Amino acid sequence: MLRIPQGCIHTRSTPFWNKDTAPAGIFQRHLDKGTRPGVYPRLSVMRGTVRYLGYADQFTPEPDSELIIEAGHFGVFPPEKWHHIEVMTDDTLFNIDFFVEPDVLKSMSF
């Protein structure tokens with residue numbers, strides 16, 4: 001499993017989402033708005049199960065990586081990776097935290 005590099009700084013958290021409250025785009029192939037080199041999303045599952053599918057690019061039909069994240073666990077996604085998630089159970093509850101390398105954080109404009 002990918003690890004968040006030591007020294008990264010937690011910059012923000014999403015609300016807790018379920019299949020009905022999460023933004024619809026998260027369930028379609030996308031690059032996160034905040035995704036750039038040095039930004040690491042961490043998806044934590046509080047209840048249920050989430051499936052992460054990563055793709056080599058915007059067009060490749062088959063995923064090149066898959067991660068099943070169950071309640072009480074989390075998964076870290078690589079920066080700048082095309083992906084989407086699927087909730088595997090109706091009761092799934094999750095959120096996403098973003099961690100940023102210090103040098104990248106210094107270059108970001110807020």
# chains A, B, ... in the order shown; residues from 1 in each chain; ligands from 1

call {"tool": "residues_around", "arguments": {"residues": "A:Phe94", "least_positions_apart": "5", "cutoff": "12 Å", "atoms": "only C-alpha atoms", "output": "ChimeraX atom specification"}}
result
/A:13-22,42-51,69-75,85-89

call {"tool": "residues_around", "arguments": {"residues": "A:Phe98", "least_positions_apart": "6", "cutoff": "7 Å", "atoms": "only C-alpha atoms", "output": "list in words"}}
result
His10, Thr11, Arg12, Ser13, Val39, Tyr40, Pro41 and Arg42 of chain A

call {"tool": "write_last_selection", "arguments": {"atoms": "C-alpha atoms", "output": "tab-separated table (two decimals), in the first residue's frame"}}
result
chain	number	residue	atom	x	y	z
A	10	HIS	CA	-2.72	17.61	6.50
A	11	THR	CA	-4.52	20.45	4.67
A	12	ARG	CA	-8.19	19.55	4.54
A	13	SER	CA	-10.89	16.93	5.09
A	39	VAL	CA	-0.76	15.89	-2.89
A	40	TYR	CA	-1.85	12.57	-1.36
A	41	PRO	CA	-5.57	11.78	-0.84
A	42	ARG	CA	-6.36	9.31	1.97

call {"tool": "select_by_dssp", "arguments": {"residues": "chain A", "states": "alpha helix (DSSP H)", "output": "list in words"}}
result
Pro102, Asp103, Val104, Leu105, Lys106 and Ser107 of chain A

call {"tool": "write_last_selection", "arguments": {"atoms": "N, CA and C atoms", "output": "compact mmCIF listing (two decimals), in the first residue's frame"}}
result
# COMPACT_ATOMS: atom_id res chain seq x y z
N PRO A 102 5.55 19.62 2.01
CA PRO A 102 5.80 21.01 2.40
C PRO A 102 6.20 21.93 1.24
N ASP A 103 7.07 21.47 0.35
CA ASP A 103 7.51 22.32 -0.77
C ASP A 103 6.36 22.63 -1.72
N VAL A 104 5.46 21.66 -1.91
CA VAL A 104 4.30 21.88 -2.77
C VAL A 104 3.34 22.86 -2.09
N LEU A 105 3.18 22.71 -0.79
CA LEU A 105 2.28 23.60 -0.04
C LEU A 105 2.76 25.05 -0.14
N LYS A 106 4.05 25.27 -0.07
CA LYS A 106 4.60 26.62 -0.18
C LYS A 106 4.29 27.25 -1.53
N SER A 107 4.22 26.44 -2.57
CA SER A 107 3.99 26.96 -3.92
C SER A 107 2.50 27.13 -4.26

call {"tool": "closest_residue", "arguments": {"among": "A:Leu2, A:Cys8, A:Ala56, A:Ile68", "to": "A:Gly38", "atoms": "only C-alpha atoms"}}
result
A:Cys8

call {"tool": "closest_residue", "arguments": {"among": "A:Leu53, A:Asp90, A:Val76, A:Thr60", "to": "A:Ile26", "atoms": "only C-alpha atoms"}}
result
A:Leu53

call {"tool": "select_by_dssp", "arguments": {"residues": "stretch 11-58 of chain A", "states": "strand (DSSP E)", "output": "number ranges by chain"}}
result
A: 11-13, 39-47, 49-55

call {"tool": "closest_residue", "arguments": {"among": "A:Tyr52, A:Pro79, A:Ile9, A:Ile96", "to": "A:Leu67", "atoms": "only C-alpha atoms"}}
result
A:Tyr52

call {"tool": "atom_distance", "arguments": {"atom1": "atom CA of A:Phe59", "atom2": "atom CA of A:Ala24"}}
result
19.5 Å

call {"tool": "atom_distance", "arguments": {"atom1": "atom CA of A:Gly7", "atom2": "atom CA of A:Lys81"}}
result
21.3 Å

call {"tool": "atom_distance", "arguments": {"atom1": "atom CA of A:Met108", "atom2": "atom CA of A:Arg3"}}
result
22.1 Å

call {"tool": "decode", "arguments": {"residues": "chain A", "atoms": "C-alpha atoms", "output": "short mmCIF file (atom, residue, chain, number, x, y, z; two decimals), in the first residue's frame"}}
result
data_model
loop_
_atom_site.label_atom_id
_atom_site.label_comp_id
_atom_site.auth_asym_id
_atom_site.auth_seq_id
_atom_site.Cartn_x
_atom_site.Cartn_y
_atom_site.Cartn_z
CA MET A 1 0.00 0.00 0.00
CA LEU A 2 1.15 3.51 -0.81
CA ARG A 3 2.20 5.54 2.23
CA ILE A 4 2.00 9.28 2.75
CA PRO A 5 5.60 10.55 2.73
CA GLN A 6 6.95 11.65 6.09
CA GLY A 7 6.66 15.39 6.60
CA CYS A 8 3.47 15.86 4.58
CA ILE A 9 0.99 18.30 6.09
CA HIS A 10 -2.72 17.61 6.50
CA THR A 11 -4.52 20.45 4.67
CA ARG A 12 -8.19 19.55 4.54
CA SER A 13 -10.89 16.93 5.09
CA THR A 14 -14.14 16.29 3.31
CA PRO A 15 -17.38 15.77 5.23
CA PHE A 16 -18.43 12.19 5.92
CA TRP A 17 -20.22 10.96 2.80
CA ASN A 18 -22.43 8.05 1.82
CA LYS A 19 -23.57 6.96 -1.65
CA ASP A 20 -26.27 9.65 -1.68
CA THR A 21 -24.35 12.60 -0.24
CA ALA A 22 -20.98 12.22 -1.99
CA PRO A 23 -20.44 14.37 -5.09
CA ALA A 24 -21.58 12.35 -8.13
CA GLY A 25 -18.25 12.97 -9.89
CA ILE A 26 -16.37 10.89 -7.34
CA PHE A 27 -18.05 7.79 -8.78
CA GLN A 28 -16.85 8.61 -12.33
CA ARG A 29 -13.30 8.47 -13.65
CA HIS A 30 -11.58 11.74 -12.74
CA LEU A 31 -8.52 13.54 -11.46
CA ASP A 32 -9.15 15.25 -8.13
CA LYS A 33 -9.35 19.03 -8.35
CA GLY A 34 -6.53 19.29 -5.82
CA THR A 35 -4.48 16.51 -7.40
CA ARG A 36 -0.99 17.56 -8.37
CA PRO A 37 2.49 16.31 -7.59
CA GLY A 38 2.95 16.03 -3.85
CA VAL A 39 -0.76 15.89 -2.89
CA TYR A 40 -1.85 12.57 -1.36
CA PRO A 41 -5.57 11.78 -0.84
CA ARG A 42 -6.36 9.31 1.97
CA LEU A 43 -9.80 7.72 1.91
CA SER A 44 -11.02 6.41 5.28
CA VAL A 45 -14.00 4.08 5.56
CA MET A 46 -16.05 4.27 8.74
CA ARG A 47 -18.76 1.80 7.71
CA GLY A 48 -19.14 -0.55 4.76
CA THR A 49 -16.61 -0.99 1.95
CA VAL A 50 -15.17 1.20 -0.83
CA ARG A 51 -13.47 -0.05 -4.00
CA TYR A 52 -10.84 2.24 -5.56
CA LEU A 53 -9.96 1.74 -9.24
CA GLY A 54 -6.92 3.52 -10.69
CA TYR A 55 -6.26 4.01 -14.41
CA ALA A 56 -3.12 4.71 -16.44
CA ASP A 57 -4.84 7.65 -18.14
CA GLN A 58 -8.19 9.18 -19.06
CA PHE A 59 -8.90 6.69 -21.86
CA THR A 60 -7.53 3.26 -20.91
CA PRO A 61 -10.59 1.02 -20.46
CA GLU A 62 -9.22 -1.33 -17.82
CA PRO A 63 -7.95 -0.25 -14.39
CA ASP A 64 -4.29 -0.84 -13.61
CA SER A 65 -4.83 -0.84 -9.84
CA GLU A 66 -7.56 -1.81 -7.42
CA LEU A 67 -7.85 -1.36 -3.68
CA ILE A 68 -10.66 -2.65 -1.44
CA ILE A 69 -11.01 -0.52 1.70
CA GLU A 70 -13.16 -1.91 4.51
CA ALA A 71 -14.58 -0.25 7.61
CA GLY A 72 -11.88 0.83 10.04
CA HIS A 73 -9.23 1.05 7.30
CA PHE A 74 -7.94 3.61 4.83
CA GLY A 75 -6.24 3.76 1.45
CA VAL A 76 -3.76 6.33 0.13
CA PHE A 77 -3.96 7.20 -3.55
CA PRO A 78 -1.08 8.33 -5.73
CA PRO A 79 -0.97 11.98 -6.82
CA GLU A 80 -2.16 12.73 -10.35
CA LYS A 81 -3.80 9.35 -10.89
CA TRP A 82 -7.01 8.91 -12.88
CA HIS A 83 -9.45 6.97 -10.71
CA HIS A 84 -12.96 6.46 -9.45
CA ILE A 85 -14.46 4.79 -6.42
CA GLU A 86 -17.43 2.51 -5.88
CA VAL A 87 -19.33 1.94 -2.65
CA MET A 88 -19.75 -1.79 -2.16
CA THR A 89 -22.48 -1.72 0.49
CA ASP A 90 -25.56 0.47 0.95
CA ASP A 91 -24.47 1.61 4.42
CA THR A 92 -20.96 2.78 3.38
CA LEU A 93 -19.71 5.94 5.11
CA PHE A 94 -16.34 7.49 4.21
CA ASN A 95 -14.33 10.69 3.99
CA ILE A 96 -11.15 11.91 2.31
CA ASP A 97 -8.21 13.74 3.88
CA PHE A 98 -5.55 15.50 1.80
CA PHE A 99 -1.87 15.60 2.74
CA VAL A 100 0.64 17.85 0.95
CA GLU A 101 4.42 17.82 0.75
CA PRO A 102 5.80 21.01 2.40
CA ASP A 103 7.51 22.32 -0.77
CA VAL A 104 4.30 21.88 -2.77
CA LEU A 105 2.28 23.60 -0.04
CA LYS A 106 4.60 26.62 -0.18
CA SER A 107 3.99 26.96 -3.92
CA MET A 108 0.18 26.71 -3.67
CA SER A 109 -1.89 29.86 -3.77
CA PHE A 110 -4.89 30.03 -1.50
#
